[in-house]
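Pasted below: upload.cif, mmCIF, C-alpha atoms.
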data_work
loop_
_atom_site.label_atom_id
_atom_site.label_comp_id
_atom_site.auth_asym_id
_atom_site.auth_seq_id
_atom_site.Cartn_x
_atom_site.Cartn_y
_atom_site.Cartn_z
CA MET A 279 0.00 0.00 0.00
CA SER A 280 1.40 3.43 -0.92
CA ASP A 281 2.19 5.98 1.69
CA PRO A 282 -0.34 8.85 1.48
CA ALA A 283 2.38 11.27 2.52
CA HIS A 284 4.36 10.41 -0.63
CA THR A 285 1.53 10.35 -3.21
CA ILE A 286 0.73 13.02 -5.79
CA ASP A 287 -2.45 13.75 -7.69
CA VAL A 288 -2.01 12.20 -11.17
CA THR A 289 -4.72 13.22 -13.62
CA PRO A 290 -6.50 10.69 -15.86
CA GLU A 291 -4.83 12.41 -18.81
CA ALA A 292 -1.41 11.75 -17.30
CA GLU A 293 -2.26 8.09 -16.69
CA GLU A 294 -3.43 7.78 -20.31
CA VAL A 295 -0.23 9.31 -21.68
CA ALA A 296 1.88 7.06 -19.45
CA ALA A 297 0.00 3.99 -20.73
CA LEU A 298 0.88 4.91 -24.33
CA ALA A 299 4.57 4.47 -23.51
CA LEU A 300 4.25 0.93 -22.12
CA PRO A 301 4.36 -1.07 -25.42
CA ILE A 302 7.27 0.91 -26.90
CA PRO A 303 10.11 -1.12 -25.24
CA ASP A 304 8.70 -4.38 -26.68
CA GLN A 305 8.60 -2.78 -30.13
CA ALA A 306 12.24 -1.72 -29.74
CA LYS A 307 13.29 -5.22 -28.61
CA ALA A 308 11.49 -6.85 -31.54
CA LEU A 309 13.07 -4.53 -34.10
CA VAL A 310 16.12 -5.78 -35.99
CA ILE A 311 17.55 -3.17 -38.33
CA ARG A 312 18.86 -5.10 -41.36
CA ASP A 313 17.52 -3.17 -44.37
CA ASP A 314 16.06 0.18 -45.40
CA ALA A 315 12.53 -0.84 -44.43
CA SER A 316 13.51 -1.85 -40.89
CA LEU A 317 15.62 1.30 -40.69
CA ARG A 318 12.51 3.36 -41.48
CA ASN A 319 10.60 1.38 -38.84
CA GLY A 320 13.27 2.19 -36.30
CA ASN A 321 13.14 5.84 -37.29
CA GLU A 322 9.36 5.87 -36.88
CA ILE A 323 9.66 4.37 -33.40
CA LEU A 324 12.17 7.07 -32.44
CA LEU A 325 9.82 9.77 -33.73
CA THR A 326 6.96 8.21 -31.75
CA ILE A 327 9.16 8.17 -28.64
CA LYS A 328 9.99 11.85 -29.15
CA ASP A 329 6.30 12.73 -29.56
CA LEU A 330 5.34 10.74 -26.46
CA ARG A 331 8.11 12.27 -24.37
CA LYS A 332 6.84 15.73 -25.32
CA LYS A 333 3.29 14.73 -24.36
CA ILE A 334 4.55 13.31 -21.06
CA ALA A 335 6.57 16.45 -20.33
CA ASP A 336 3.61 18.68 -21.16
CA THR A 337 1.24 16.56 -19.05
CA PHE A 338 3.44 15.85 -16.04
CA GLY A 339 5.18 19.24 -16.08
CA PRO A 340 2.46 21.11 -14.17
CA ILE A 341 2.11 18.18 -11.75
CA CYS A 342 5.86 18.16 -11.03
CA ALA A 343 5.94 21.94 -10.76
CA ALA A 344 3.13 21.92 -8.20
CA ALA A 345 4.76 19.12 -6.22
CA PHE A 346 8.12 20.90 -6.34
CA ALA A 347 6.58 24.19 -5.22
CA ALA A 348 4.81 22.42 -2.34
CA HIS A 349 8.07 20.71 -1.39
CA LYS A 350 9.98 24.00 -1.41
CA THR A 351 7.30 25.62 0.72
CA ALA A 352 7.39 22.76 3.23
CA VAL A 353 11.20 22.74 3.38
CA LYS A 354 11.28 26.52 3.92
CA ALA A 355 8.65 26.26 6.65
CA GLN A 356 10.71 23.55 8.37
CA LYS A 357 13.90 25.61 8.14
CA ASP A 358 12.12 28.69 9.46
CA ALA A 359 10.76 26.68 12.39
CA GLU A 360 14.21 25.27 13.21
CA ALA A 361 16.12 28.55 12.74
CA PRO A 362 15.68 29.84 16.33
CA LEU A 363 16.78 26.47 17.71
CA ILE A 364 19.84 26.35 15.45
CA GLU A 365 20.75 29.90 16.51
CA ALA A 366 20.46 28.92 20.16
CA GLU A 367 22.63 25.83 19.59
CA THR A 368 25.36 27.91 17.95
CA ILE A 369 25.41 30.10 21.07
CA ILE A 370 25.28 27.43 23.77
CA LYS A 371 27.41 24.64 22.30
CA PRO A 372 30.65 26.68 21.95
CA SER A 373 30.16 28.04 25.47
CA ILE A 374 29.78 24.53 26.88
CA ALA A 375 32.79 23.32 24.88
CA ARG A 376 34.96 26.18 26.16
CA TYR A 377 33.91 25.63 29.76
CA MET A 378 34.43 21.86 29.63
CA SER A 379 37.82 22.39 27.98
CA GLU A 380 38.81 24.68 30.84
CA VAL A 381 37.56 22.13 33.38
CA GLU A 382 39.65 19.42 31.70
CA ARG A 383 42.72 21.68 31.64
CA LYS A 384 42.39 22.32 35.38
CA ARG A 385 41.87 18.58 36.01
CA ARG A 386 45.11 17.75 34.18
CA GLU A 387 46.92 20.46 36.11
CA GLU A 388 45.62 19.00 39.39
CA GLU A 389 46.73 15.51 38.38
CA SER A 390 50.18 16.89 37.56
CA ARG A 391 50.31 18.63 40.95
CA ILE A 392 49.26 15.46 42.76
CA ARG A 393 51.85 13.40 40.89
CA LYS A 394 54.63 15.82 41.75
CA GLU A 395 53.57 15.75 45.41
CA MET A 396 53.54 11.94 45.40
CA GLU A 397 56.99 11.88 43.79
CA ARG A 398 58.28 14.33 46.41
CA GLN A 399 56.90 12.20 49.23
CA ALA A 400 58.40 9.05 47.69
CA GLU A 401 61.80 10.71 47.41
CA GLU A 402 61.63 11.84 51.06
CA GLU A 403 60.62 8.35 52.19
CA ALA A 404 63.50 6.82 50.23
CA LEU A 405 65.93 9.33 51.73
CA ASP A 406 64.64 8.64 55.27
CA ALA A 407 65.00 4.90 54.66
CA ALA A 408 68.56 5.39 53.40
CA ILE A 409 69.49 7.47 56.44
CA GLU A 410 68.00 4.86 58.74
CA ALA A 411 69.85 2.06 56.95
CA GLU A 412 73.12 3.98 57.17
CA ALA A 413 72.57 4.53 60.90
CA GLU A 414 72.08 0.79 61.30
CA GLY A 415 75.44 0.13 59.64
CA ALA A 416 74.46 -0.60 56.05
CA SER A 417 77.22 -0.32 53.45
CA PRO A 418 77.41 2.79 51.25
CA GLU A 419 76.41 0.68 48.26
CA ASP A 420 73.27 -0.55 50.01
CA VAL A 421 72.43 2.97 51.12
CA GLN A 422 72.82 4.28 47.55
CA ALA A 423 70.72 1.39 46.24
CA ILE A 424 67.88 2.45 48.56
CA VAL A 425 68.09 5.99 47.23
CA ASP A 426 68.22 4.84 43.57
CA ALA A 427 65.54 2.16 43.81
CA PRO A 428 62.56 2.88 41.48
CA VAL A 429 59.36 3.73 43.28
CA PHE A 430 55.94 2.84 41.85
CA ILE A 431 53.62 5.81 41.90
CA PRO A 432 49.99 5.01 41.02
CA PRO A 433 48.40 7.27 38.44
CA PRO A 434 46.78 10.17 40.24
CA ILE A 435 43.09 10.70 39.65
CA ALA A 436 41.79 14.23 39.95
CA PRO A 437 38.05 14.83 40.31
CA ALA A 438 36.32 14.66 36.94
CA GLY A 439 34.24 17.49 35.55
CA PRO A 440 30.45 17.65 35.72
CA LYS A 441 28.39 15.04 33.87
CA LEU A 442 25.81 16.38 31.44
CA GLU A 443 22.75 14.31 30.65
CA GLY A 444 22.43 13.57 26.94
CA ILE A 445 25.52 15.62 26.04
CA SER A 446 29.02 14.41 25.26
CA ILE A 447 32.19 16.31 24.49
CA ARG A 448 34.32 14.94 21.69
CA LYS A 449 37.14 16.17 19.52
CA VAL A 450 36.05 17.00 15.97
CA THR A 451 38.79 17.26 13.35
CA LYS A 452 38.16 19.85 10.67
CA PHE A 453 40.13 21.01 7.64
CA ARG A 454 40.25 23.50 4.82
CA VAL A 455 42.41 23.70 1.71
CA VAL A 456 44.49 26.87 1.93
CA ASP A 457 46.68 26.31 -1.15
CA MET A 458 45.16 24.22 -3.96
CA LYS A 459 48.28 24.56 -6.11
CA ALA A 460 50.46 23.14 -3.32
CA LEU A 461 48.03 20.26 -2.85
CA VAL A 462 48.04 19.42 -6.57
CA GLN A 463 51.84 19.58 -6.67
CA ALA A 464 52.00 17.19 -3.70
CA ILE A 465 49.71 14.78 -5.55
CA ALA A 466 51.96 14.99 -8.60
CA ARG A 467 54.96 14.11 -6.40
CA GLY A 468 53.11 11.13 -4.96
CA GLN A 469 52.99 12.62 -1.45
CA VAL A 470 49.19 12.82 -1.39
CA THR A 471 46.68 10.36 -2.81
CA ILE A 472 44.94 11.51 -5.98
CA ALA A 473 41.65 10.69 -4.23
CA ALA A 474 42.10 13.97 -2.34
CA VAL A 475 40.80 15.87 -5.39
CA MET A 476 38.05 15.30 -7.94
CA SER A 477 37.98 16.30 -11.58
CA ASN A 478 35.62 19.17 -12.36
CA ASP A 479 33.46 17.57 -15.05
CA THR A 480 31.59 20.84 -15.64
CA VAL A 481 34.76 22.73 -16.53
CA ILE A 482 36.29 19.87 -18.55
CA GLY A 483 33.00 19.22 -20.37
CA ALA A 484 32.66 22.88 -21.35
CA GLN A 485 36.20 22.92 -22.73
CA ALA A 486 35.62 19.65 -24.60
CA ARG A 487 32.43 20.96 -26.20
CA SER A 488 34.20 24.17 -27.16
CA LEU A 489 37.51 22.79 -28.45
CA LYS A 490 36.21 19.29 -29.36
CA THR A 491 39.00 16.83 -30.21
CA SER A 492 41.59 19.64 -30.32
CA LEU A 493 41.48 19.80 -26.51
CA ARG A 494 44.92 18.80 -25.29
CA TRP A 495 44.84 18.66 -21.51
CA PRO A 496 47.24 16.20 -19.88
CA GLY A 497 45.33 13.27 -18.43
CA VAL A 498 42.12 14.06 -20.35
CA GLU A 499 40.96 11.96 -23.30
CA VAL A 500 38.45 13.46 -25.74
CA TRP A 501 36.64 11.54 -28.47
CA GLU A 502 33.51 11.83 -30.60
CA GLU A 503 30.61 9.41 -30.88
CA ASP A 504 27.66 9.34 -33.24
CA SER A 505 24.42 10.28 -31.54
CA VAL A 506 21.01 9.83 -33.15
CA ALA A 507 18.57 12.70 -32.73
CA ALA A 508 14.92 12.19 -33.69
CA GLY A 509 12.51 14.92 -34.77
CA ARG A 510 9.63 15.48 -37.15
CA ARG A 511 9.96 18.16 -39.81
#
In structure tokens, what does this structure look like?
Amino acid sequence: MSDPAHTIDVTPEAEEVAALALPIPDQAKALVIRDDASLRNGNEILLTIKDLRKKIADTFGPICAAAFAAHKTAVKAQKDAEAPLIEAETIIKPSIARYMSEVERKRREEESRIRKEMERQAEEEALDAAIEAEAEGASPEDVQAIVDAPVFIPPPIAPAGPKLEGISIRKVTKFRVVDMKALVQAIARGQVTIAAVMSNDTVIGAQARSLKTSLRWPGVEVWEEDSVAAGRR
């Protein structure tokens, strides 16, 4: 069953025109062009196709235009409704990100302070132990070994920042191309994958149509093919 939200009003005239196109593919499949007569048959089918496509365009054009206009209106209404919310997000999100970044910076500083304090205490304890061992008659080597012995210091854990319900802070990597020429040169040297850029088919196509087979751009191949155009005089 079709979704009513995705249906459009198709007129009986449009349904009739669409039905006229249904037998055409079978006619094309059955046609074998082997002589002048079959060539004329093929030409007649092409002319019929052109006529039917014009009828379809004329019939469905207003329907598509109305649907497109309704879609544009709905999309604009949705964007207008969301605009205040998007504006509010752009204000609040950066503020939250800055605050949480500052909280994390202070947390790391506190962890560093705690670690240094733990290291200082460990060094003092080792020194006290060495002094005590020396007083008890330990050899200088044993005393020095006590001082030099590695001490395990557990990772300090500073209080974490506030937890926000439904919100997470994550690093987002962004980029922009600041020198296209440098990027292209790096691709040419094999330092950057060629997938980093895409060919501009619009620009290349315009040049090909203008210069035709005389276009001589490195890496671009231009050729001509025969194309059949149908039309009634």
**Report entry** Non-local contacts of segment 333-338 of chain A (8 Å; all atoms listed in the file; under 2 positions in same chain excluded) as a list in words
**Finding:**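 Final neighbour list, sorted by chain and number: Glu291, Ala292, Val295, Ala296, Asp329, Leu330, Arg331, Pro340, Ile341 and Cys342 of chain A.
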Query - Interatomic distance (Å, one decimal) between atom CA of Lys384 of chain A and atom CA of Glu365 of chain A - result: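 We find that atom CA of Lys384 of chain A and atom CA of Glu365 of chain A lie 29.7 Å from each other.
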Requested in this report: Select, from A:Ile447, A:Ala315, A:Ala486, A:Ile472, the residue with the minimum atom-to-atom distance to Ser379 of chain A, counting all atoms listed in the file.
Outcome: A:Ile447
Report task. Between atom CA of Glu443 of chain A and atom CA of Ile374 of chain A, measure the distance and give it in Å to one decimal. Result ->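 Computed distance, atom CA of Glu443 of chain A to atom CA of Ile374 of chain A, equals 13.0 Å.
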Report task. Find the spatial neighbours of segment 480-483 of chain A, counting only C-alpha atoms, within a cut-off of 12 Å - ignore same-chain residues fewer than 2 positions away - and output them as a list in words. Result -> Met476, Ser477, Asn478, Gln485, Ala486, Arg487, Ser488, Leu489, Lys490, Thr491, Leu493, Arg494, Trp495, Pro496, Gly497, Val498, Glu499, Val500 and Trp501 of chain A
Requested in this report: Would you work out the distance separating atom CA of Gln463 of chain A from atom CA of Val450 of chain A, expressed in Å to one decimal?
Outcome: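 So the two atoms, atom CA of Gln463 of chain A and atom CA of Val450 of chain A, lie 27.7 Å apart.
The residues caught by the PyMOL selection byres ((chain A and resi 309) around 12) in this file are Ile302, Pro303, Asp304, Gln305, Ala306, Lys307, Ala308, Val310, Ile311, Arg312, Asp313, Ala315, Ser316, Leu317, Arg318, Asn319, Gly320, Asn321, Glu322, Ile323 and Leu324 of chain A.
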Would you write out, as a PDB file with C-alpha atoms, in the frame of the given file, every residue that the PyMOL selection byres ((chain A and resi 394-411) around 10) captures in this file?
ATOM      1  CA  GLU A 388      45.620  19.000  39.390  1.00  0.00           C
ATOM      2  CA  GLU A 389      46.730  15.510  38.380  1.00  0.00           C
ATOM      3  CA  SER A 390      50.180  16.890  37.560  1.00  0.00           C
ATOM      4  CA  ARG A 391      50.310  18.630  40.950  1.00  0.00           C
ATOM      5  CA  ILE A 392      49.260  15.460  42.760  1.00  0.00           C
ATOM      6  CA  ARG A 393      51.850  13.400  40.890  1.00  0.00           C
ATOM      7  CA  GLU A 412      73.120   3.980  57.170  1.00  0.00           C
ATOM      8  CA  ALA A 413      72.570   4.530  60.900  1.00  0.00           C
ATOM      9  CA  GLU A 414      72.080   0.790  61.300  1.00  0.00           C
ATOM     10  CA  GLY A 415      75.440   0.130  59.640  1.00  0.00           C
ATOM     11  CA  ALA A 416      74.460  -0.600  56.050  1.00  0.00           C
ATOM     12  CA  SER A 417      77.220  -0.320  53.450  1.00  0.00           C
ATOM     13  CA  PRO A 418      77.410   2.790  51.250  1.00  0.00           C
ATOM     14  CA  ASP A 420      73.270  -0.550  50.010  1.00  0.00           C
ATOM     15  CA  VAL A 421      72.430   2.970  51.120  1.00  0.00           C
ATOM     16  CA  GLN A 422      72.820   4.280  47.550  1.00  0.00           C
ATOM     17  CA  ALA A 423      70.720   1.390  46.240  1.00  0.00           C
ATOM     18  CA  ILE A 424      67.880   2.450  48.560  1.00  0.00           C
ATOM     19  CA  VAL A 425      68.090   5.990  47.230  1.00  0.00           C
ATOM     20  CA  ASP A 426      68.220   4.840  43.570  1.00  0.00           C
ATOM     21  CA  ALA A 427      65.540   2.160  43.810  1.00  0.00           C
ATOM     22  CA  PRO A 428      62.560   2.880  41.480  1.00  0.00           C
ATOM     23  CA  VAL A 429      59.360   3.730  43.280  1.00  0.00           C
ATOM     24  CA  PHE A 430      55.940   2.840  41.850  1.00  0.00           C
ATOM     25  CA  ILE A 431      53.620   5.810  41.900  1.00  0.00           C
ATOM     26  CA  PRO A 432      49.990   5.010  41.020  1.00  0.00           C
ATOM     27  CA  PRO A 433      48.400   7.270  38.440  1.00  0.00           C
ATOM     28  CA  PRO A 434      46.780  10.170  40.240  1.00  0.00           C
TER      29      PRO A 434
END
Write out as a PDB file with C-alpha atoms, keeping the file's coordinate frame each polymer residue whose atoms come within 9 Å of Pro440 of chain A, counting only C-alpha atoms; drop sequence neighbours fewer than 2 positions from it.
ATOM      1  CA  MET A 378      34.430  21.860  29.630  1.00  0.00           C
ATOM      2  CA  VAL A 381      37.560  22.130  33.380  1.00  0.00           C
ATOM      3  CA  ALA A 438      36.320  14.660  36.940  1.00  0.00           C
ATOM      4  CA  LEU A 442      25.810  16.380  31.440  1.00  0.00           C
TER       5      LEU A 442
END
Requested in this report: Find the residue from A:Ala474, A:Ala344, A:Thr368, A:Leu325 that sits nearest to Val455 of chain A; use all atoms listed in the file when measuring.
Outcome: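 Closest candidate: A:Ala474.
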Please define a box with edges along x, y and z of the file around all atoms of segment 429-435 of chain A given in the file, extend it by 5 Å on each side, and return its centre and edge lengths in Å to one decimal, as JSON.
{"center_x": 51.2, "center_y": 6.8, "center_z": 40.9, "size_x": 26.3, "size_y": 17.9, "size_z": 14.8}
